[in-house]
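**Q** Got a structure for you, run14.cif, holding mmCIF, C-alpha atoms.
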data_start
#
loop_
_atom_site.label_atom_id
_atom_site.label_comp_id
_atom_site.auth_asym_id
_atom_site.auth_seq_id
_atom_site.Cartn_x
_atom_site.Cartn_y
_atom_site.Cartn_z
CA MET K 193 44.44 51.79 -53.12
CA ILE K 194 47.58 53.77 -53.82
CA GLU K 195 45.52 56.88 -54.46
CA THR K 196 43.74 56.50 -51.13
CA LEU K 197 47.07 56.05 -49.39
CA GLU K 198 48.41 59.19 -51.01
CA PHE K 199 45.27 61.01 -50.01
CA LEU K 200 45.58 59.67 -46.46
CA ILE K 201 49.17 60.84 -46.16
CA PHE K 202 48.59 64.24 -47.74
CA ASP K 203 45.41 64.94 -45.82
CA ASN K 204 46.91 64.04 -42.47
CA LEU K 205 50.18 65.79 -43.22
CA ILE K 206 48.41 69.15 -43.43
CA TYR K 207 46.85 68.67 -39.99
CA ILE K 208 50.12 67.41 -38.53
CA LEU K 209 52.08 70.38 -39.88
CA ALA K 210 49.41 72.74 -38.53
CA ILE K 211 49.66 71.18 -35.06
CA VAL K 212 53.47 71.14 -35.11
CA LEU K 213 53.64 74.74 -36.28
CA GLY K 214 51.15 75.75 -33.60
CA VAL K 215 53.16 74.02 -30.88
CA VAL K 216 56.45 75.50 -32.08
CA LEU K 217 55.01 79.02 -32.13
CA THR K 218 53.43 78.47 -28.72
CA VAL K 219 56.80 77.35 -27.37
CA ALA K 220 58.48 80.41 -28.88
CA TYR K 221 56.06 82.82 -27.26
CA LEU K 222 55.93 80.79 -24.07
CA THR K 223 59.60 81.58 -23.51
CA TYR K 224 58.84 85.26 -24.06
CA PHE K 225 55.80 85.04 -21.79
CA GLU K 226 57.85 83.30 -19.10
CA ARG K 227 60.52 85.98 -19.11
CA LYS K 228 57.94 88.75 -19.04
CA VAL K 229 55.86 87.18 -16.26
CA ILE K 230 58.86 86.50 -14.06
CA ALA K 231 60.27 89.95 -14.82
CA PHE K 232 57.03 91.63 -13.75
CA MET K 233 56.96 89.53 -10.58
CA HIS K 234 60.50 90.80 -9.88
CA ALA K 235 59.47 94.39 -10.78
CA ARG K 236 61.73 94.37 -13.86
CA MET K 237 60.93 95.06 -17.50
CA GLY K 238 61.89 91.77 -19.12
CA PRO K 239 62.92 91.54 -22.79
CA ASN K 240 61.97 94.84 -24.49
CA ARG K 241 64.68 95.58 -27.08
CA VAL K 242 64.02 93.30 -30.08
CA GLY K 243 60.97 94.57 -31.90
CA PRO K 244 58.04 96.41 -30.26
CA ARG K 245 57.94 95.47 -26.57
CA GLY K 246 60.48 92.75 -27.29
CA LEU K 247 57.95 90.72 -29.26
CA LEU K 248 60.55 89.53 -31.76
CA GLN K 249 62.82 88.24 -29.00
CA PRO K 250 61.97 84.52 -29.58
CA PHE K 251 63.03 84.77 -33.23
CA ALA K 252 66.27 86.46 -32.29
CA ASP K 253 66.92 83.64 -29.83
CA VAL K 254 66.22 80.98 -32.45
CA LEU K 255 68.55 82.62 -34.98
CA LYS K 256 71.27 82.94 -32.39
CA LEU K 257 70.98 79.33 -31.25
CA LEU K 258 71.02 78.00 -34.82
CA THR K 259 74.18 79.88 -35.76
CA LYS K 260 76.13 78.86 -32.66
CA GLU K 261 78.59 76.01 -32.75
CA ILE K 262 77.47 72.55 -31.63
CA ILE K 263 80.39 71.54 -29.44
CA PHE K 264 81.19 67.84 -29.24
CA PRO K 265 82.96 67.21 -25.94
CA LYS K 266 86.11 65.13 -25.87
CA ASN K 267 85.41 61.36 -25.72
CA ALA K 268 81.68 61.93 -26.15
CA ASN K 269 79.76 59.30 -28.08
CA LYS K 270 78.87 61.45 -31.07
CA PHE K 271 75.96 59.39 -32.34
CA LEU K 272 74.19 59.16 -28.96
CA PHE K 273 75.09 62.79 -28.25
CA LEU K 274 73.16 63.88 -31.34
CA ILE K 275 70.32 61.39 -31.05
CA ALA K 276 69.36 62.31 -27.43
CA PRO K 277 67.87 65.77 -28.14
CA ILE K 278 66.02 64.36 -31.13
CA ILE K 279 64.39 61.71 -28.92
CA THR K 280 63.36 64.34 -26.39
CA LEU K 281 61.85 66.55 -29.05
CA ALA K 282 60.13 63.81 -31.05
CA THR K 283 58.40 62.24 -28.05
CA ALA K 284 57.32 65.60 -26.69
CA PHE K 285 55.73 66.52 -30.03
CA ALA K 286 54.32 63.11 -30.95
CA ALA K 287 52.05 63.11 -27.89
CA TRP K 288 50.02 65.88 -29.58
CA ALA K 289 48.64 63.40 -32.10
CA VAL K 290 45.80 62.36 -29.79
CA VAL K 291 44.98 65.65 -28.06
CA PRO K 292 41.40 66.76 -28.83
CA PHE K 293 41.26 70.54 -29.25
CA ASP K 294 37.49 70.66 -29.58
CA ASP K 295 34.67 68.17 -30.02
CA GLY K 296 35.87 66.12 -33.00
CA TRP K 297 38.99 68.24 -33.58
CA VAL K 298 41.45 65.46 -33.02
CA LEU K 299 44.02 64.02 -35.39
CA ALA K 300 43.92 60.39 -34.23
CA ASP K 301 40.75 59.53 -32.33
CA ILE K 302 42.09 56.25 -30.92
CA ASN K 303 40.67 54.22 -28.06
CA ALA K 304 43.99 53.88 -26.29
CA GLY K 305 44.67 57.64 -26.37
CA LEU K 306 45.69 58.01 -22.76
CA VAL K 307 48.00 54.99 -22.89
CA TYR K 308 49.67 56.50 -25.94
CA VAL K 309 50.21 59.84 -24.19
CA LEU K 310 51.62 58.08 -21.14
CA ALA K 311 53.95 56.05 -23.36
CA MET K 312 55.22 59.13 -25.18
CA THR K 313 55.81 61.20 -22.06
CA SER K 314 57.60 58.21 -20.47
CA LEU K 315 59.88 57.77 -23.47
CA GLY K 316 61.19 61.29 -22.91
CA VAL K 317 63.32 60.03 -20.02
CA TYR K 318 65.51 58.16 -22.51
CA GLY K 319 66.59 61.44 -24.05
CA VAL K 320 67.70 62.65 -20.63
CA ILE K 321 69.62 59.47 -19.73
CA ILE K 322 71.28 59.13 -23.13
CA ALA K 323 72.29 62.80 -23.11
CA GLY K 324 73.80 62.53 -19.64
CA TRP K 325 75.70 59.38 -20.46
CA ALA K 326 76.90 60.36 -23.93
CA SER K 327 78.34 63.74 -22.84
CA ASN K 328 81.13 62.09 -20.83
CA SER K 329 80.92 64.75 -18.14
CA LYS K 330 80.39 64.18 -14.41
CA TYR K 331 77.86 66.93 -14.02
CA ALA K 332 75.87 65.66 -16.96
CA LEU K 333 75.82 62.10 -15.62
CA LEU K 334 74.79 63.22 -12.13
CA GLY K 335 72.10 65.46 -13.53
CA ALA K 336 70.78 62.68 -15.74
CA LEU K 337 70.61 60.23 -12.82
CA ARG K 338 68.81 62.69 -10.58
CA SER K 339 66.49 63.68 -13.33
CA ALA K 340 65.65 60.10 -14.35
CA ALA K 341 65.01 58.98 -10.76
CA GLN K 342 62.78 61.99 -10.20
CA ILE K 343 60.83 61.50 -13.43
CA VAL K 344 60.12 57.81 -12.81
CA SER K 345 59.13 58.47 -9.18
CA TYR K 346 56.56 61.06 -10.12
CA GLU K 347 55.36 58.99 -13.02
CA ILE K 348 53.93 56.49 -10.51
CA ALA K 349 51.93 59.17 -8.72
CA MET K 350 50.85 60.46 -12.12
CA GLY K 351 49.81 56.99 -13.29
CA PHE K 352 47.72 56.40 -10.18
CA ALA K 353 46.05 59.78 -10.65
CA LEU K 354 45.23 58.74 -14.24
CA VAL K 355 43.68 55.49 -12.99
CA GLY K 356 41.32 57.63 -10.91
CA VAL K 357 40.32 59.58 -14.01
CA LEU K 358 39.76 56.34 -15.92
CA VAL K 359 37.55 54.94 -13.18
CA ALA K 360 35.49 58.13 -13.23
CA ALA K 361 35.25 58.31 -17.03
CA GLY K 362 35.24 54.60 -17.90
CA THR K 363 37.21 55.10 -21.13
CA LEU K 364 40.77 55.61 -22.37
CA ASN K 365 39.75 57.83 -25.29
CA LEU K 366 40.65 61.44 -24.49
CA SER K 367 37.63 62.89 -26.31
CA ASP K 368 35.31 60.56 -24.41
CA ILE K 369 36.96 61.49 -21.13
CA VAL K 370 36.10 65.12 -21.87
CA ARG K 371 32.55 64.18 -22.91
CA ALA K 372 32.08 62.35 -19.61
CA GLN K 373 32.51 65.76 -17.93
CA GLU K 374 29.81 67.48 -19.96
CA GLY K 375 28.11 70.32 -18.14
CA GLY K 376 29.18 73.29 -16.08
CA PHE K 377 31.95 73.98 -13.65
CA LEU K 378 30.69 71.52 -11.02
CA ASN K 379 30.44 68.55 -13.41
CA TRP K 380 34.12 68.51 -14.24
CA PHE K 381 36.35 65.92 -12.62
CA TRP K 382 38.40 68.41 -10.63
CA LEU K 383 35.84 68.38 -7.83
CA PRO K 384 35.22 64.65 -7.23
CA LEU K 385 38.89 63.93 -7.98
CA LEU K 386 40.31 66.99 -6.19
CA PRO K 387 43.30 65.21 -4.55
CA LEU K 388 44.16 63.50 -7.84
CA PHE K 389 43.86 66.80 -9.74
CA VAL K 390 46.31 68.55 -7.42
CA ILE K 391 48.69 65.57 -7.41
CA TYR K 392 48.53 65.21 -11.19
CA TYR K 393 49.48 68.80 -11.82
CA ILE K 394 52.25 68.88 -9.21
CA SER K 395 53.62 65.58 -10.57
CA GLY K 396 53.49 67.12 -14.02
CA VAL K 397 55.65 70.00 -12.81
CA ALA K 398 58.11 67.51 -11.29
CA GLU K 399 57.97 65.34 -14.40
CA THR K 400 59.08 68.22 -16.63
CA ASN K 401 61.88 69.10 -14.16
CA ARG K 402 60.57 72.60 -13.64
CA ALA K 403 60.89 74.80 -10.55
CA PRO K 404 60.49 74.10 -7.66
CA PHE K 405 61.54 70.55 -8.60
CA ASP K 406 64.44 71.55 -10.87
CA VAL K 407 67.30 69.90 -8.95
CA ALA K 408 68.19 68.14 -12.19
CA GLU K 409 69.22 71.55 -13.50
CA GLY K 410 70.32 72.94 -10.15
CA GLU K 411 72.60 75.65 -11.55
CA SER K 412 74.02 76.29 -8.08
CA GLU K 413 75.18 72.68 -7.60
CA ILE K 414 75.51 70.77 -10.89
CA VAL K 415 75.53 73.75 -13.28
CA ALA K 416 72.82 72.62 -15.72
CA GLY K 417 72.48 68.89 -15.22
CA PHE K 418 72.20 66.55 -18.15
CA HIS K 419 72.51 69.20 -20.87
CA VAL K 420 75.58 71.01 -19.51
CA GLU K 421 77.69 69.99 -22.53
CA TYR K 422 75.07 70.93 -25.11
CA SER K 423 75.20 74.10 -27.14
CA GLY K 424 73.66 75.66 -30.22
CA ALA K 425 70.91 73.81 -32.04
CA ALA K 426 71.31 70.67 -29.91
CA PHE K 427 70.53 72.70 -26.81
CA ALA K 428 67.63 74.37 -28.61
CA LEU K 429 66.07 70.94 -29.21
CA PHE K 430 66.14 70.14 -25.47
CA PHE K 431 64.62 73.52 -24.82
CA LEU K 432 61.84 72.96 -27.36
CA GLY K 433 61.17 69.51 -25.96
CA GLU K 434 60.95 70.75 -22.38
CA TYR K 435 58.49 73.50 -23.24
CA ALA K 436 56.42 71.22 -25.49
CA ASN K 437 56.18 68.84 -22.53
CA MET K 438 55.01 71.66 -20.29
CA ILE K 439 52.27 72.52 -22.76
CA ILE K 440 51.17 68.91 -23.09
CA ILE K 441 50.98 68.49 -19.30
CA SER K 442 48.90 71.67 -19.03
CA ALA K 443 46.66 70.57 -21.89
CA LEU K 444 46.13 67.12 -20.36
CA THR K 445 45.26 68.62 -16.99
CA ALA K 446 42.73 70.84 -18.71
CA LEU K 447 41.28 67.89 -20.64
CA MET K 448 41.07 65.39 -17.82
CA PHE K 449 40.15 67.55 -14.85
CA LEU K 450 38.76 70.83 -16.16
CA GLY K 451 36.42 69.59 -18.87
CA GLY K 452 38.49 70.44 -21.95
CA TRP K 453 36.38 72.45 -24.37
CA TYR K 454 33.30 72.83 -22.12
CA SER K 455 32.32 76.21 -20.83
CA PRO K 456 32.21 76.74 -17.04
CA PHE K 457 28.80 78.39 -17.45
CA THR K 458 25.50 76.66 -18.06
CA GLY K 459 22.52 77.95 -20.01
CA ASP K 460 21.92 78.94 -23.63
CA SER K 461 23.87 82.18 -23.91
CA TRP K 462 26.93 82.49 -26.16
CA ILE K 463 29.28 82.30 -23.22
CA ALA K 464 28.03 78.82 -22.29
CA GLN K 465 28.89 77.33 -25.69
CA PRO K 466 31.67 74.76 -25.73
CA SER K 467 34.59 75.87 -27.89
CA ILE K 468 38.30 75.53 -28.44
CA PHE K 469 38.84 78.84 -26.67
CA TRP K 470 37.84 77.34 -23.35
CA PHE K 471 40.37 74.58 -23.87
CA LEU K 472 43.12 77.07 -24.74
CA ALA K 473 42.19 79.31 -21.81
CA LYS K 474 42.31 76.41 -19.35
CA THR K 475 45.65 75.28 -20.74
CA SER K 476 47.01 78.82 -20.39
CA ILE K 477 46.06 78.92 -16.71
CA PHE K 478 48.28 75.93 -16.00
CA LEU K 479 51.10 77.33 -18.12
CA TYR K 480 50.92 80.54 -16.15
CA ALA K 481 51.03 78.52 -12.91
CA TYR K 482 54.35 77.01 -14.04
CA PHE K 483 55.91 80.48 -14.17
CA TRP K 484 54.18 81.60 -11.02
CA PHE K 485 55.74 78.65 -9.16
CA ARG K 486 59.12 79.41 -10.65
CA ALA K 487 59.02 83.04 -9.55
CA SER K 488 57.75 82.38 -6.04
CA LEU K 489 59.02 79.05 -4.71
CA PRO K 490 62.55 78.12 -3.63
CA ARG K 491 64.01 74.88 -4.95
CA TYR K 492 63.22 71.66 -3.07
CA ARG K 493 66.03 69.54 -1.69
CA TYR K 494 66.46 66.19 -3.47
CA ASP K 495 65.44 64.03 -0.49
CA GLN K 496 62.37 66.23 -0.01
CA ILE K 497 61.38 65.68 -3.61
CA MET K 498 61.67 61.92 -3.29
CA ARG K 499 59.78 61.94 0.00
CA LEU K 500 56.96 63.98 -1.47
CA GLY K 501 56.63 61.65 -4.44
CA TRP K 502 56.83 58.31 -2.67
CA LYS K 503 55.56 58.94 0.84
CA VAL K 504 52.88 61.55 0.28
CA PHE K 505 51.53 61.34 -3.27
CA ILE K 506 51.42 57.56 -3.77
CA PRO K 507 49.49 56.77 -0.53
CA ILE K 508 47.00 59.58 -1.22
CA THR K 509 46.38 58.44 -4.79
CA ILE K 510 45.89 54.78 -3.78
CA VAL K 511 43.31 55.79 -1.16
CA TRP K 512 41.50 58.08 -3.57
CA ILE K 513 41.35 55.44 -6.30
CA MET K 514 39.52 53.20 -3.82
CA VAL K 515 37.16 56.02 -2.85
CA VAL K 516 36.35 56.82 -6.48
CA ALA K 517 35.88 53.13 -7.34
CA VAL K 518 33.40 52.64 -4.49
CA MET K 519 31.50 55.82 -5.44
CA LYS K 520 31.37 54.70 -9.06
CA VAL K 521 30.26 51.08 -8.48
CA TYR K 522 27.64 51.83 -5.81
CA HIS K 523 26.48 55.08 -7.44
CA ILE K 524 27.16 57.23 -4.40
CA GLY K 525 27.32 60.97 -4.13
CA PRO K 526 26.19 63.88 -6.26
CA TRP K 527 28.25 62.82 -9.30
CA TRP K 528 27.49 59.15 -9.85
CA ASN K 529 23.87 58.51 -9.01
CA MET O 187 40.50 50.70 -36.60
CA ILE O 188 44.12 50.34 -37.72
CA ALA O 189 43.63 53.33 -40.01
CA SER O 190 43.06 55.58 -37.02
CA TYR O 191 46.60 54.77 -35.84
CA PHE O 192 48.14 55.78 -39.17
CA PRO O 193 48.24 59.54 -38.39
CA ILE O 194 50.22 58.72 -35.24
CA LEU O 195 52.87 56.94 -37.26
CA LEU O 196 53.00 59.91 -39.61
CA PHE O 197 53.18 62.31 -36.69
CA LEU O 198 56.10 60.40 -35.19
CA ALA O 199 57.89 60.62 -38.53
CA VAL O 200 57.24 64.37 -38.80
CA ALA O 201 58.35 65.00 -35.20
CA THR O 202 61.57 63.04 -35.73
CA GLY O 203 62.06 64.83 -39.04
CA LEU O 204 61.68 68.20 -37.32
CA GLY O 205 64.35 67.22 -34.81
CA ILE O 206 66.74 66.06 -37.50
CA ALA O 207 66.06 69.15 -39.63
CA LEU O 208 66.78 71.58 -36.79
CA MET O 209 69.89 69.66 -35.83
CA SER O 210 71.12 69.70 -39.42
CA LEU O 211 70.48 73.45 -39.66
CA GLY O 212 72.60 73.91 -36.57
CA LEU O 213 75.38 71.74 -37.97
CA LEU O 214 75.19 73.56 -41.28
CA PHE O 215 75.07 77.18 -40.11
CA GLY O 216 76.90 76.86 -36.82
CA THR O 217 80.47 78.04 -36.65
CA ARG O 218 83.08 75.30 -36.31
CA LYS O 219 86.29 76.34 -34.66
CA THR O 220 87.44 73.88 -32.12
CA ASN O 221 90.33 73.66 -29.71
CA ASP O 222 91.34 71.39 -26.84
CA GLU O 223 90.08 73.67 -24.10
CA LYS O 224 86.71 74.13 -25.71
CA ILE O 225 85.92 70.45 -26.06
CA SER O 226 87.13 69.37 -22.64
CA ALA O 227 84.40 68.33 -20.19
CA TYR O 228 83.08 71.08 -17.94
CA GLU O 229 84.68 70.79 -14.49
CA CYS O 230 84.62 74.22 -12.83
CA GLY O 231 87.93 75.34 -14.24
CA PHE O 232 90.29 72.46 -13.56
CA GLU O 233 91.07 69.52 -15.82
CA ALA O 234 89.02 66.35 -15.61
CA PHE O 235 91.03 63.83 -13.59
CA ASP O 236 89.17 60.59 -14.13
CA ASP O 237 86.54 58.97 -16.30
CA ALA O 238 83.12 60.57 -16.12
CA HIS O 239 81.34 57.21 -16.24
CA MET O 240 81.95 56.66 -12.57
CA LYS O 241 80.29 54.62 -9.82
CA PHE O 242 77.05 56.07 -8.57
CA ASP O 243 74.71 55.59 -5.66
CA VAL O 244 72.93 52.23 -5.57
CA ARG O 245 69.72 53.99 -4.54
CA PHE O 246 69.21 55.06 -8.13
CA TYR O 247 68.96 51.36 -9.03
CA LEU O 248 66.59 50.81 -6.14
CA VAL O 249 64.29 53.56 -7.36
CA ALA O 250 64.35 52.09 -10.85
CA ILE O 251 63.39 48.63 -9.53
CA LEU O 252 60.57 50.03 -7.39
CA PHE O 253 59.40 52.01 -10.39
CA ILE O 254 59.12 48.88 -12.51
CA ILE O 255 57.00 47.16 -9.85
CA PHE O 256 54.65 50.09 -9.38
CA ASP O 257 54.41 50.86 -13.06
CA LEU O 258 53.30 47.27 -13.66
CA GLU O 259 50.60 47.73 -11.03
CA ILE O 260 49.39 50.78 -12.90
CA ALA O 261 49.40 48.95 -16.22
CA PHE O 262 47.36 46.26 -14.45
CA LEU O 263 44.88 48.82 -13.08
CA PHE O 264 44.23 50.49 -16.45
CA PRO O 265 42.02 47.79 -18.04
CA TRP O 266 40.26 47.21 -14.74
CA SER O 267 39.36 50.88 -14.35
CA VAL O 268 37.84 51.06 -17.84
CA VAL O 269 35.44 48.13 -17.35
CA LEU O 270 34.77 48.69 -13.66
CA GLU O 271 31.07 49.49 -14.17
CA GLU O 272 30.40 46.13 -15.84
CA LEU O 273 32.44 44.21 -13.26
CA GLY O 274 30.49 45.70 -10.37
CA GLY O 275 31.06 44.70 -6.76
CA PHE O 276 33.01 41.54 -7.62
CA GLY O 277 35.61 43.45 -9.62
CA LEU O 278 35.82 46.04 -6.89
CA VAL O 279 36.54 43.49 -4.15
CA SER O 280 39.09 41.61 -6.29
CA MET O 281 41.04 44.77 -6.98
CA PHE O 282 40.86 45.83 -3.34
CA ILE O 283 42.50 42.54 -2.35
CA PHE O 284 45.20 43.18 -4.96
CA LEU O 285 45.72 46.75 -3.78
CA PHE O 286 45.86 45.49 -0.19
CA LEU O 287 48.73 43.15 -1.08
CA LEU O 288 50.43 46.00 -2.93
CA VAL O 289 50.11 48.25 0.11
CA ILE O 290 51.66 45.56 2.35
CA GLY O 291 54.68 45.51 0.02
CA PHE O 292 54.76 49.29 0.03
CA ILE O 293 54.74 49.41 3.86
CA TYR O 294 57.57 46.84 3.92
CA GLU O 295 59.69 49.01 1.59
CA TRP O 296 58.92 52.06 3.68
CA LYS O 297 59.89 50.36 6.97
CA LYS O 298 63.05 48.89 5.41
CA GLY O 299 64.12 52.40 4.47
CA ALA O 300 64.10 51.90 0.71
CA LEU O 301 62.46 55.30 0.32
CA GLU O 302 64.95 57.24 2.46
CA TRP O 303 67.29 59.80 0.88
CA GLU O 304 69.36 61.75 3.33
#
What does this structure look like when you write it as structure tokens?

**A**
Amino acid sequence: MIETLEFLIFDNLIYILAIVLGVVLTVAYLTYFERKVIAFMHARMGPNRVGPRGLLQPFADVLKLLTKEIIFPKNANKFLFLIAPIITLATAFAAWAVVPFDDGWVLADINAGLVYVLAMTSLGVYGVIIAGWASNSKYALLGALRSAAQIVSYEIAMGFALVGVLVAAGTLNLSDIVRAQEGGFLNWFWLPLLPLFVIYYISGVAETNRAPFDVAEGESEIVAGFHVEYSGAAFALFFLGEYANMIIISALTALMFLGGWYSPFTGDSWIAQPSIFWFLAKTSIFLYAYFWFRASLPRYRYDQIMRLGWKVFIPITIVWIMVVAVMKVYHIGPWWN
Amino acid sequence: MIASYFPILLFLAVATGLGIALMSLGLLFGTRKTNDEKISAYECGFEAFDDAHMKFDVRFYLVAILFIIFDLEIAFLFPWSVVLEELGGFGLVSMFIFLFLLVIGFIYEWKKGALEWE
């Protein structure tokens, strides 16, 4: 018994470390990619001094952040101040436990996969609130309030969009949701669930507090929002958590609406084979879209953000859930007959 | 069945460990030279004149309450959506009645101005 437990721990630990390392490296190069993409959209060069073409820039940033002082603001609650970034990071990473990278390439193939992911991404809001409250700074508190209200608002739209996916797939297991979309480009859920697909991704952008929904950061009004008092490694943890969340949102969109590891082509040729590369490519498209939005769209006003979430997204999702449910139960349309 | 949840527990431990490790590295290697100006709360140049844990807009509470209601609806919809095929028309009609009641509440909130931010 003890031997099997040891084996269980050791065996899983290797996979977990591989996933964590992969995510950390992806985050590192995502920051580089973001700066390069936005620089090219602004007709600038972007980072190009550290290493060839600036490729070592992420490592320089990490070293710098780790050797900077972690400043504890006056009257801050030290324990909560330190625990907040750890919560943000841990929840952002833990969600990766159920993500299927390819058919069968999943660490924990659990039936409640989607519920688990939703739980983990929802827990992230605690990091934000605790950080804002513990810093004992007005800007941090305001930023945390804005950010929390925004995250929970968009979580409703996101949850309703997920219900649509569940109706279509009939399972909570992420691998099975992908398998339900087997086939080419037209079999994936993005087409029958088009409004939910668009709403899910936009809500994901709002959920991670990224441009154009980044009023929580709003450097022109509340300097940096909830993490204004953070510096050094503590700030780096928030940064890691935010980017890990962006990747998980992109990966989930690819899994639930764009058929995960399935190839867009049909037939027997090599290009039509399902593989992890399709999954990574689809995820990359959404990651690129994040930066594209950031470079091209001006920031929304706070009341506009709330109006979009409550008055536009929620009604649309409720209507589309009903449409999908009727199509599914009465076997209507080209997808469910 | 339970065994398939074990890696998740392990993953949570590793993720928390990573956070603690990075934080400790920062505390270990970071410089530590503090003074009064450095640790004062950021306030655009002047000194903080009252407690930062101040009163805030009641609408933030309102959003939180509405969120709880709607999130419960979603939690309620999850099991229904998974077994919808077996439930058939009966399950569909039952949930439509439920959604109808939900929408009435939603319209009430809307008309009362609970969703206004100006």

**Q** Can you pull out the residues contacting K:Arg486? Cut-off 10 Å, using all atoms listed in the file, and skip same-chain residues under 4 positions away; I want them as a ChimeraX atom specification.

**A** /K:226,230,402-406,480-482,490-491

**Q** Could you tell me which residues the PyMOL selection byres ((chain K) within 7 of (chain O)) returns for this structure, as a PDB file with C-alpha atoms, in the frame of the given file?

**A**
ATOM      1  CA  ASN K 204      46.910  64.040 -42.470  1.00  0.00           C
ATOM      2  CA  ILE K 208      50.120  67.410 -38.530  1.00  0.00           C
ATOM      3  CA  LEU K 258      71.020  78.000 -34.820  1.00  0.00           C
ATOM      4  CA  THR K 259      74.180  79.880 -35.760  1.00  0.00           C
ATOM      5  CA  LYS K 260      76.130  78.860 -32.660  1.00  0.00           C
ATOM      6  CA  GLU K 261      78.590  76.010 -32.750  1.00  0.00           C
ATOM      7  CA  ILE K 262      77.470  72.550 -31.630  1.00  0.00           C
ATOM      8  CA  ILE K 263      80.390  71.540 -29.440  1.00  0.00           C
ATOM      9  CA  PHE K 264      81.190  67.840 -29.240  1.00  0.00           C
ATOM     10  CA  PRO K 265      82.960  67.210 -25.940  1.00  0.00           C
ATOM     11  CA  LYS K 266      86.110  65.130 -25.870  1.00  0.00           C
ATOM     12  CA  ILE K 278      66.020  64.360 -31.130  1.00  0.00           C
ATOM     13  CA  LEU K 281      61.850  66.550 -29.050  1.00  0.00           C
ATOM     14  CA  ALA K 282      60.130  63.810 -31.050  1.00  0.00           C
ATOM     15  CA  PHE K 285      55.730  66.520 -30.030  1.00  0.00           C
ATOM     16  CA  ALA K 286      54.320  63.110 -30.950  1.00  0.00           C
ATOM     17  CA  ALA K 289      48.640  63.400 -32.100  1.00  0.00           C
ATOM     18  CA  LEU K 299      44.020  64.020 -35.390  1.00  0.00           C
ATOM     19  CA  ALA K 300      43.920  60.390 -34.230  1.00  0.00           C
ATOM     20  CA  ASP K 301      40.750  59.530 -32.330  1.00  0.00           C
ATOM     21  CA  ILE K 302      42.090  56.250 -30.920  1.00  0.00           C
ATOM     22  CA  ASN K 328      81.130  62.090 -20.830  1.00  0.00           C
ATOM     23  CA  SER K 329      80.920  64.750 -18.140  1.00  0.00           C
ATOM     24  CA  LYS K 330      80.390  64.180 -14.410  1.00  0.00           C
ATOM     25  CA  ALA K 341      65.010  58.980 -10.760  1.00  0.00           C
ATOM     26  CA  VAL K 344      60.120  57.810 -12.810  1.00  0.00           C
ATOM     27  CA  SER K 345      59.130  58.470  -9.180  1.00  0.00           C
ATOM     28  CA  ILE K 348      53.930  56.490 -10.510  1.00  0.00           C
ATOM     29  CA  GLY K 351      49.810  56.990 -13.290  1.00  0.00           C
ATOM     30  CA  PHE K 352      47.720  56.400 -10.180  1.00  0.00           C
ATOM     31  CA  VAL K 355      43.680  55.490 -12.990  1.00  0.00           C
ATOM     32  CA  LEU K 358      39.760  56.340 -15.920  1.00  0.00           C
ATOM     33  CA  VAL K 359      37.550  54.940 -13.180  1.00  0.00           C
ATOM     34  CA  GLY K 362      35.240  54.600 -17.900  1.00  0.00           C
ATOM     35  CA  THR K 363      37.210  55.100 -21.130  1.00  0.00           C
ATOM     36  CA  GLY K 424      73.660  75.660 -30.220  1.00  0.00           C
ATOM     37  CA  ALA K 425      70.910  73.810 -32.040  1.00  0.00           C
ATOM     38  CA  ALA K 426      71.310  70.670 -29.910  1.00  0.00           C
ATOM     39  CA  LEU K 429      66.070  70.940 -29.210  1.00  0.00           C
ATOM     40  CA  ASP K 495      65.440  64.030  -0.490  1.00  0.00           C
ATOM     41  CA  VAL K 521      30.260  51.080  -8.480  1.00  0.00           C
TER      42      VAL K 521
END

**Q** Go ahead and compute the interatomic distance for atom CA of K:Leu366 and atom CA of K:Tyr454, in Å to one decimal.

**A**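 Distance between the two atoms: 13.8 Å.
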
**Q** If we count all atoms listed in the file, what is near K:Asn269 at a cut-off of 10 Å, once residues fewer than 2 positions away on the same chain are taken out, given as a list in words?

**A** Phe264, Pro265, Lys266, Asn267, Phe271, Leu272, Phe273, Leu274, Ile322, Ala323, Trp325, Ala326, Ser327 and Asn328 of chain K

**Q** In Å to one decimal, how far is atom CA of K:Val370 from atom CA of K:Leu447?

**A**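 Spanning atom CA of K:Leu447 to atom CA of K:Val370 is a straight-line distance of 6.0 Å.
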
**Q** What does the distance between atom CA of K:Phe418 and atom CA of K:Pro277 come to in Å, to one decimal place?

**A** 10.9 Å

**Q** Show me the residues close to (32.2, 77.0, -23.6) - anything with an atom within 6 Å, counting all atoms listed in the file - and format the list as a list in words.

**A**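 Selection result: Tyr454, Ser455, Ala464, Gln465, Pro466, Ser467 and Trp470 of chain K.
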
**Q** For a quick check of understanding, using only C-alpha atoms, which of K:Tyr494, K:Phe478, K:Phe469, K:Tyr522 has the smallest distance to K:Asp295?

**A**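 Ranked by minimum distance to K:Asp295, first place goes to K:Phe469.
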
**Q** Spell out the residues picked by the PyMOL selection byres ((chain K and resi 340) around 12) here, as a VMD selection string.

**A** (chain K and resid 314 to 325 332 to 339 341 to 347 398 to 401 407 to 408 417 to 418 498) or (chain O and resid 246 to 247 249 to 250 253)

**Q** Return as AutoDock Vina command-line options the centre and edge lengths, in Å with one decimal, of the box along x, y and z that encloses every atom of stretch 189-196 of chain O in the file, padded by 4 Å per side.

**A**
--center_x 48.0 --center_y 56.6 --center_z -37.6 --size_x 17.9 --size_y 14.6 --size_z 12.8

**Q** Evaluate the PyMOL selection byres ((chain K and resi 514) around 10) and record the selected residues as a VMD selection string, following the chain and residue labels used in the document.

**A** (chain K and resid 356 359 509 to 513 515 to 520) or (chain O and resid 278 281 to 282 285)
